[in-house]
Amino acid sequence: MSPKEEAPAAAATEAPKMAPQQQQEAAPVKTHIPTSKYSKRVVLKTLFSREDRGIGLSGERIVIGGWVKSSKENRMPIFRTFLKLFGVGTHNEKDSAGGLTYRVQHPVMPTVFLQISDGSCIDSLQVVVDSTLAPPGQILLSGTCILVEGVIQPPSTGGKHSIEVKAEKVLHLGVVEDHEKYPLSKKRLPLHTLRDWAHFRPRTTTVASITRIRHSLSHATHNFFQNNGFLYVQVPVITTTDSEGLSNKFNVTTLLGKTTEEPSNKPSVVRKQVSGVSLESIKASLKEKSNQVEELKRTDSNREALLAAIQDLKKTNELASQLEAKEKKEKAKATALVKPDRLDFTDDFFSCQAFLTVSGRLHLESYACALGNVYSFGPRFKAQTSHSTRHVSEMWMVEAEMAFAELEEAMCCATDLLKHLCKWVLEKCNEDMKFVLKRVDQSIVGRLQSVVSTNFEKLPYCKAIDILKQAKEQKFDMDIEWGVPLTEEHESYLADEIFKKPVIIYDYPKEVKPFYVRQNDDGKTVAAFDVIVPKVGAVIRGSQNEERVKVLSTRIKELGLSSEQYEWYLDLRRNGTAKHAGFSLTFDLIVLLATGISDIRDVVPFPRSYGKISN
């Protein structure tokens with residue numbers, strides 16, 4: 001056969017070549033289906049939120065876009081054979097020179113079935129793409145971004161899908177350049193592994209669901225305060241005030257390149273070993289044990305093995321903290337430090353020492369004393385060397401302050417807010433909660449319903465101490481006595497084991513609460529409270545604040561705090577003060593509560609924790 005005769009068949013087998021990032025101009029698609037206002041595409045939630053899950057839209061032409069979660073290629077070998085037997089897909093052509101007739105067979109090109117997710121809902125959409133529209137090698141890979149124009153039709157394959165889209169045009173293709181390096185090419189990565197790729201993990205079903213629930217909780221927070229007459233106030237992130245007094249703060253300075261160090265005659269410090277074990281090996285063991293705990297949780301292993309693994313992890317955590325403390329102490333002895341008098345903050349950006357805020361409640365008070373009820377919602381920072389699964393260095397807090405309110409009103413408002421948030425998730429996040437119930441925590445819905453319907457247990461600190469002392473069968477890491485702060489372990493025991501419901505503990509010793517909390521008449525306790533929830537711990541901490549200027553000034557002096565730093569705060573008491581109370585709700589812990597996730601780093605979009613920061 002001559003080259004001219006072979007050419008048509010060869011041309012028919014060649015798939016179209018597309019650039020890694022292909023963009024085509026598309027004429028506006030006429031459809032009565034609502035499209036995204038700013039991207040002119042239909043989001044999947046619009047289709048699947050209908051009662052018929054999109055079945056009634058068959059025949060409609062739409063533009064749809066998203067990322068490939070999974071795919072398969074259907075070459076249909078049996079169907080091809082059937083076509084060949086009956087001569088379908090072939091035609092006869094005559095040789096113009098010799099008058100010979102020959103049969104030309106057009107190959108049946110493979111069809112690709114893509115499962116597309118756009119993040120708007122838990123569901124994915126099946127998109128059928130013929131290989132004449134795009135090379136299968138480019139669109140089959142998970143993570144590929146694709147925008148297509150096509151027609152809605154009943155599913156051509158079996159399975160759970162109610163509809164699919166038959167693509168007629170590929171408008172955009174964002175390929176994955178190296179699939180071996182793309183972390184989500186591997187199936188079912190555990191959450192602790194995904195932390196190393198915080199920029200990709202929103203593409204996973206679990207993290208996408210967490211994010212939608214987090215978004216809904218944020219909406220619910222504003223909804224609660226707006227409906228109850230609170231004004232939204234933005235408080236500063238950078239401040240000169242230590243909002244809690246003697247707290248671990250992050251300094252904000254531009255002087256680092258200007259400071260000098262004292263010369264040191266001592267040799268550099270090498271990493272010390274305790275009992276022959278290095279800090280590096282302990283940290284490696286810590287990571288291994290964390291992975292083991294996650295694996296036991298994921299595989300539904302027996303409770304005894306899981307509890308033993310968690311206890312082992314806790315002890316390893318404590319050892320790591322001891323080694324780090326010892327190492328820092330040794331370095332402090334041998335390393336030359338910058339002398340305090342060499343840091344002249346008048347040369348700094350703000351001409352004084354500044355910090356990232358620990359709490360916005362003090363600044364919020366100034367607006368409460370003018371506008372009544374106010375709230376704020378934003379990031380707060382603590383330089384706390386903690387490996388707790390309930391703490392990160394940057395946490396989002398909801399803070400409220402109410403003028404003419406006392407401790408009881410603050411506790412009531414905090415309780416109402418917590419119930420509102422739990423009820424909102426159950427009512428507004430139905431599909432995502434079904435996923436969480438199936439994949440993460442089978443008791444999550446019952447736990448949230450319990451928060452909504454149960455009366456919280458209220459007891460003073462002194463009674464909580466008595467209950468903990470009577471728990472002879474339970475061994476705590478810290479001895480129980482009046483005056484000690486309650487640890488996560490103590491709080492969890494009270495909420496999870498004793499009362500089995502949310503608990504409010506109030507009237508704490510003044511030594512364990514911030515300087516600004518109002519002192520009770522006994523002179524030993526203060527009007528502070530904590531709301532503790534099973535499985536999560538203390539999600540709200542609040543107080544009635546000290547309105548008596550002399551009492552507050554005395555407390556500042558007792559703690560050795562800088563009176564100059566708090567002069568503006570004392571001014572509020574000198575000029576038209578009122579009784580006022582408020583609280584701080586740790587928003588990230590509420591997301592833990594709503595999703596059943598065990599580690600706070602997995603519900604924060606970009607977590608910053610001790611020894612770890614990325615992106």
# chains A, B, ... in the order shown; residues from 1 in each chain; ligands from 1
call {"tool": "residues_around", "arguments": {"residues": "segment 176-190 of chain A", "least_positions_apart": "5", "cutoff": "7 Å", "atoms": "only C-alpha atoms", "output": "list of chain:residue names"}}
result
A:Ser142, A:Gly143, A:Thr144
call {"tool": "write_last_selection", "arguments": {"atoms": "all heavy atoms", "output": "PDB file, in the first residue's frame"}}
result
ATOM      1  N   SER A 142      -4.431  11.734  38.919  1.00  0.00           N
ATOM      2  CA  SER A 142      -5.101  12.444  40.012  1.00  0.00           C
ATOM      3  C   SER A 142      -4.393  13.765  40.268  1.00  0.00           C
ATOM      4  O   SER A 142      -3.171  13.873  40.186  1.00  0.00           O
ATOM      5  CB  SER A 142      -5.106  11.585  41.280  1.00  0.00           C
ATOM      6  OG  SER A 142      -3.787  11.298  41.694  1.00  0.00           O
ATOM      7  N   GLY A 143      -5.180  14.779  40.580  1.00  0.00           N
ATOM      8  CA  GLY A 143      -4.632  16.116  40.791  1.00  0.00           C
ATOM      9  C   GLY A 143      -4.728  17.008  39.578  1.00  0.00           C
ATOM     10  O   GLY A 143      -4.567  18.227  39.692  1.00  0.00           O
ATOM     11  N   THR A 144      -5.001  16.439  38.406  1.00  0.00           N
ATOM     12  CA  THR A 144      -5.143  17.231  37.194  1.00  0.00           C
ATOM     13  C   THR A 144      -6.340  18.165  37.315  1.00  0.00           C
ATOM     14  O   THR A 144      -7.408  17.767  37.766  1.00  0.00           O
ATOM     15  CB  THR A 144      -5.330  16.314  35.966  1.00  0.00           C
ATOM     16  OG1 THR A 144      -4.187  15.473  35.835  1.00  0.00           O
ATOM     17  CG2 THR A 144      -5.507  17.128  34.698  1.00  0.00           C
TER      18      THR A 144
END
call {"tool": "select_by_dssp", "arguments": {"residues": "segment 416-570 of chain A", "states": "helix (DSSP H, G or I)", "output": "PyMOL selection string"}}
result
chain A and resi 416-428+430-439+444-453+461-470+488-498+510-512+549-558+567-570
call {"tool": "write_last_selection", "arguments": {"atoms": "C-alpha atoms", "output": "mmCIF file, in the first residue's frame"}}
result
data_model
loop_
_atom_site.group_PDB
_atom_site.id
_atom_site.type_symbol
_atom_site.label_atom_id
_atom_site.label_comp_id
_atom_site.auth_asym_id
_atom_site.auth_seq_id
_atom_site.Cartn_x
_atom_site.Cartn_y
_atom_site.Cartn_z
ATOM 1 C CA ASP A 416 -25.713 29.615 74.561
ATOM 2 C CA LEU A 417 -22.934 30.189 72.004
ATOM 3 C CA LEU A 418 -21.585 26.659 72.355
ATOM 4 C CA LYS A 419 -25.046 25.124 71.975
ATOM 5 C CA HIS A 420 -25.745 27.352 68.962
ATOM 6 C CA LEU A 421 -22.558 26.245 67.194
ATOM 7 C CA CYS A 422 -23.236 22.538 67.753
ATOM 8 C CA LYS A 423 -26.851 22.840 66.612
ATOM 9 C CA TRP A 424 -25.782 24.808 63.531
ATOM 10 C CA VAL A 425 -23.363 22.098 62.401
ATOM 11 C CA LEU A 426 -25.978 19.382 62.803
ATOM 12 C CA GLU A 427 -28.534 21.362 60.787
ATOM 13 C CA LYS A 428 -26.394 23.069 58.134
ATOM 14 C CA ASN A 430 -25.649 17.436 56.854
ATOM 15 C CA GLU A 431 -23.644 15.861 54.007
ATOM 16 C CA ASP A 432 -20.237 16.596 55.523
ATOM 17 C CA MET A 433 -21.372 15.282 58.909
ATOM 18 C CA LYS A 434 -22.496 12.020 57.236
ATOM 19 C CA PHE A 435 -18.956 11.645 55.909
ATOM 20 C CA VAL A 436 -17.394 12.451 59.306
ATOM 21 C CA LEU A 437 -19.763 9.985 60.981
ATOM 22 C CA LYS A 438 -18.713 7.239 58.557
ATOM 23 C CA ARG A 439 -14.993 7.903 58.236
ATOM 24 C CA ILE A 444 -19.827 12.473 66.739
ATOM 25 C CA VAL A 445 -23.513 13.218 66.062
ATOM 26 C CA GLY A 446 -24.630 11.874 69.438
ATOM 27 C CA ARG A 447 -21.949 13.910 71.203
ATOM 28 C CA LEU A 448 -23.019 17.142 69.483
ATOM 29 C CA GLN A 449 -26.691 16.436 70.179
ATOM 30 C CA SER A 450 -25.795 15.901 73.831
ATOM 31 C CA VAL A 451 -24.145 19.340 74.015
ATOM 32 C CA VAL A 452 -27.248 20.922 72.501
ATOM 33 C CA SER A 453 -29.797 19.177 74.732
ATOM 34 C CA TYR A 461 -13.058 24.805 91.653
ATOM 35 C CA CYS A 462 -12.893 23.596 95.258
ATOM 36 C CA LYS A 463 -15.519 20.917 94.593
ATOM 37 C CA ALA A 464 -13.695 19.827 91.434
ATOM 38 C CA ILE A 465 -10.542 19.354 93.506
ATOM 39 C CA ASP A 466 -12.435 17.240 96.040
ATOM 40 C CA ILE A 467 -13.807 14.991 93.279
ATOM 41 C CA LEU A 468 -10.345 14.515 91.778
ATOM 42 C CA LYS A 469 -8.877 13.668 95.184
ATOM 43 C CA GLN A 470 -11.493 10.975 95.672
ATOM 44 C CA GLU A 488 -5.944 18.700 80.423
ATOM 45 C CA GLU A 489 -5.867 15.332 82.176
ATOM 46 C CA HIS A 490 -7.900 16.633 85.143
ATOM 47 C CA GLU A 491 -10.421 18.408 82.933
ATOM 48 C CA SER A 492 -10.915 15.380 80.689
ATOM 49 C CA TYR A 493 -11.460 13.092 83.675
ATOM 50 C CA LEU A 494 -14.210 15.341 85.049
ATOM 51 C CA ALA A 495 -16.043 15.773 81.731
ATOM 52 C CA ASP A 496 -15.471 12.315 80.195
ATOM 53 C CA GLU A 497 -15.496 9.983 83.198
ATOM 54 C CA ILE A 498 -17.354 11.646 86.073
ATOM 55 C CA LYS A 510 -6.429 33.944 91.843
ATOM 56 C CA GLU A 511 -2.910 32.562 91.307
ATOM 57 C CA VAL A 512 -3.985 30.444 88.302
ATOM 58 C CA VAL A 549 -9.064 50.530 90.119
ATOM 59 C CA LYS A 550 -7.350 50.145 93.523
ATOM 60 C CA VAL A 551 -7.810 46.373 93.599
ATOM 61 C CA LEU A 552 -6.538 46.073 90.023
ATOM 62 C CA SER A 553 -3.490 48.310 90.704
ATOM 63 C CA THR A 554 -2.613 46.238 93.764
ATOM 64 C CA ARG A 555 -2.837 43.017 91.771
ATOM 65 C CA ILE A 556 -0.544 44.402 89.055
ATOM 66 C CA LYS A 557 2.049 45.319 91.700
ATOM 67 C CA GLU A 558 1.749 41.931 93.419
ATOM 68 C CA GLU A 567 -1.830 52.595 82.401
ATOM 69 C CA TRP A 568 -4.370 52.859 79.563
ATOM 70 C CA TYR A 569 -6.204 49.852 80.990
ATOM 71 C CA LEU A 570 -6.374 51.443 84.446
#
call {"tool": "atom_distance", "arguments": {"atom1": "atom CA of Arg61 of chain A", "atom2": "atom CA of Gly150 of chain A"}}
result
5.5 Å
call {"tool": "select_by_dssp", "arguments": {"residues": "segment 149-225 of chain A", "states": "strand (DSSP E or B)", "output": "PyMOL selection string"}}
result
chain A and resi 149-153+164-174
call {"tool": "closest_residue", "arguments": {"among": "A:Lys287, A:Lys501, A:Lys169, A:Lys513", "to": "Ala320 of chain A", "atoms": "only C-alpha atoms"}}
result
A:Lys287
call {"tool": "residues_around", "arguments": {"residues": "Phe350 of chain A", "least_positions_apart": "5", "cutoff": "10 Å", "atoms": "only C-alpha atoms", "output": "PyMOL selection string"}}
result
chain A and resi 240+252-254+345
call {"tool": "closest_residue", "arguments": {"among": "A:Phe381, A:Trp67, A:Phe606, A:Tyr516", "to": "Thr211 of chain A", "atoms": "only C-alpha atoms"}}
result
A:Phe606
call {"tool": "residues_around", "arguments": {"residues": "Ser543 of chain A", "least_positions_apart": "5", "cutoff": "10 Å", "atoms": "only C-alpha atoms", "output": "list in words"}}
result
Glu401, Glu406, Leu407, Glu408, Ala410, Met411, Tyr506, Asp507, Lys513, Pro514, Tyr516, Val517, Arg518, Val526, Ala527, Ala528, Phe529, Asp530, His580, Ala581, Gly582, Phe583 and Ser584 of chain A
call {"tool": "residues_around", "arguments": {"residues": "Ser162 of chain A", "least_positions_apart": "4", "cutoff": "12 Å", "atoms": "only C-alpha atoms", "output": "ChimeraX atom specification"}}
result
/A:47-48,50-58,123-126,152-158
call {"tool": "closest_residue", "arguments": {"among": "A:Cys121, A:Val531, A:Ala578, A:Ile504", "to": "Ile213 of chain A", "atoms": "only C-alpha atoms"}}
result
A:Cys121
call {"tool": "decode", "arguments": {"residues": "segment 425-521 of chain A", "atoms": "C-alpha atoms", "output": "compact mmCIF listing (two decimals), in the first residue's frame"}}
result
# COMPACT_ATOMS: atom_id res chain seq x y z
CA VAL A 425 -23.36 22.10 62.40
CA LEU A 426 -25.98 19.38 62.80
CA GLU A 427 -28.53 21.36 60.79
CA LYS A 428 -26.39 23.07 58.13
CA CYS A 429 -23.60 20.56 57.42
CA ASN A 430 -25.65 17.44 56.85
CA GLU A 431 -23.64 15.86 54.01
CA ASP A 432 -20.24 16.60 55.52
CA MET A 433 -21.37 15.28 58.91
CA LYS A 434 -22.50 12.02 57.24
CA PHE A 435 -18.96 11.64 55.91
CA VAL A 436 -17.39 12.45 59.31
CA LEU A 437 -19.76 9.98 60.98
CA LYS A 438 -18.71 7.24 58.56
CA ARG A 439 -14.99 7.90 58.24
CA VAL A 440 -13.83 9.70 61.39
CA ASP A 441 -16.01 9.27 64.50
CA GLN A 442 -19.19 7.21 64.70
CA SER A 443 -20.22 8.89 67.96
CA ILE A 444 -19.83 12.47 66.74
CA VAL A 445 -23.51 13.22 66.06
CA GLY A 446 -24.63 11.87 69.44
CA ARG A 447 -21.95 13.91 71.20
CA LEU A 448 -23.02 17.14 69.48
CA GLN A 449 -26.69 16.44 70.18
CA SER A 450 -25.80 15.90 73.83
CA VAL A 451 -24.15 19.34 74.02
CA VAL A 452 -27.25 20.92 72.50
CA SER A 453 -29.80 19.18 74.73
CA THR A 454 -27.95 18.70 78.05
CA ASN A 455 -27.81 21.08 80.99
CA PHE A 456 -24.14 21.72 81.71
CA GLU A 457 -22.81 20.63 85.11
CA LYS A 458 -21.67 23.65 87.16
CA LEU A 459 -19.35 23.37 90.14
CA PRO A 460 -16.76 25.55 91.92
CA TYR A 461 -13.06 24.80 91.65
CA CYS A 462 -12.89 23.60 95.26
CA LYS A 463 -15.52 20.92 94.59
CA ALA A 464 -13.69 19.83 91.43
CA ILE A 465 -10.54 19.35 93.51
CA ASP A 466 -12.44 17.24 96.04
CA ILE A 467 -13.81 14.99 93.28
CA LEU A 468 -10.35 14.52 91.78
CA LYS A 469 -8.88 13.67 95.18
CA GLN A 470 -11.49 10.97 95.67
CA ALA A 471 -10.57 9.29 92.39
CA LYS A 472 -8.24 6.76 94.03
CA GLU A 473 -8.30 4.39 91.06
CA GLN A 474 -7.17 7.16 88.70
CA LYS A 475 -3.50 8.16 88.79
CA PHE A 476 -2.72 11.70 87.62
CA ASP A 477 0.67 13.00 86.56
CA MET A 478 0.30 16.03 88.83
CA ASP A 479 -0.69 15.77 92.49
CA ILE A 480 -4.10 17.18 93.33
CA GLU A 481 -4.28 19.94 95.92
CA TRP A 482 -6.06 23.26 96.26
CA GLY A 483 -4.26 26.01 94.34
CA VAL A 484 -2.84 23.94 91.47
CA PRO A 485 -4.08 24.68 87.92
CA LEU A 486 -6.25 21.97 86.42
CA THR A 487 -4.45 20.16 83.60
CA GLU A 488 -5.94 18.70 80.42
CA GLU A 489 -5.87 15.33 82.18
CA HIS A 490 -7.90 16.63 85.14
CA GLU A 491 -10.42 18.41 82.93
CA SER A 492 -10.91 15.38 80.69
CA TYR A 493 -11.46 13.09 83.67
CA LEU A 494 -14.21 15.34 85.05
CA ALA A 495 -16.04 15.77 81.73
CA ASP A 496 -15.47 12.31 80.19
CA GLU A 497 -15.50 9.98 83.20
CA ILE A 498 -17.35 11.65 86.07
CA PHE A 499 -20.13 13.75 84.55
CA LYS A 500 -20.05 12.51 80.93
CA LYS A 501 -21.28 15.88 79.69
CA PRO A 502 -20.05 19.50 79.46
CA VAL A 503 -18.84 20.95 82.75
CA ILE A 504 -18.44 24.57 83.90
CA ILE A 505 -15.88 25.10 86.65
CA TYR A 506 -15.80 28.53 88.31
CA ASP A 507 -14.24 30.48 91.22
CA TYR A 508 -10.61 29.56 90.64
CA PRO A 509 -7.68 30.53 92.91
CA LYS A 510 -6.43 33.94 91.84
CA GLU A 511 -2.91 32.56 91.31
CA VAL A 512 -3.98 30.44 88.30
CA LYS A 513 -5.93 33.14 86.44
CA PRO A 514 -4.92 36.43 84.72
CA PHE A 515 -4.36 39.58 86.77
CA TYR A 516 -7.48 41.36 85.48
CA VAL A 517 -10.04 38.84 86.80
CA ARG A 518 -12.31 40.23 89.55
CA GLN A 519 -11.42 39.06 93.07
CA ASN A 520 -14.14 37.43 95.13
CA ASP A 521 -14.96 38.53 98.66
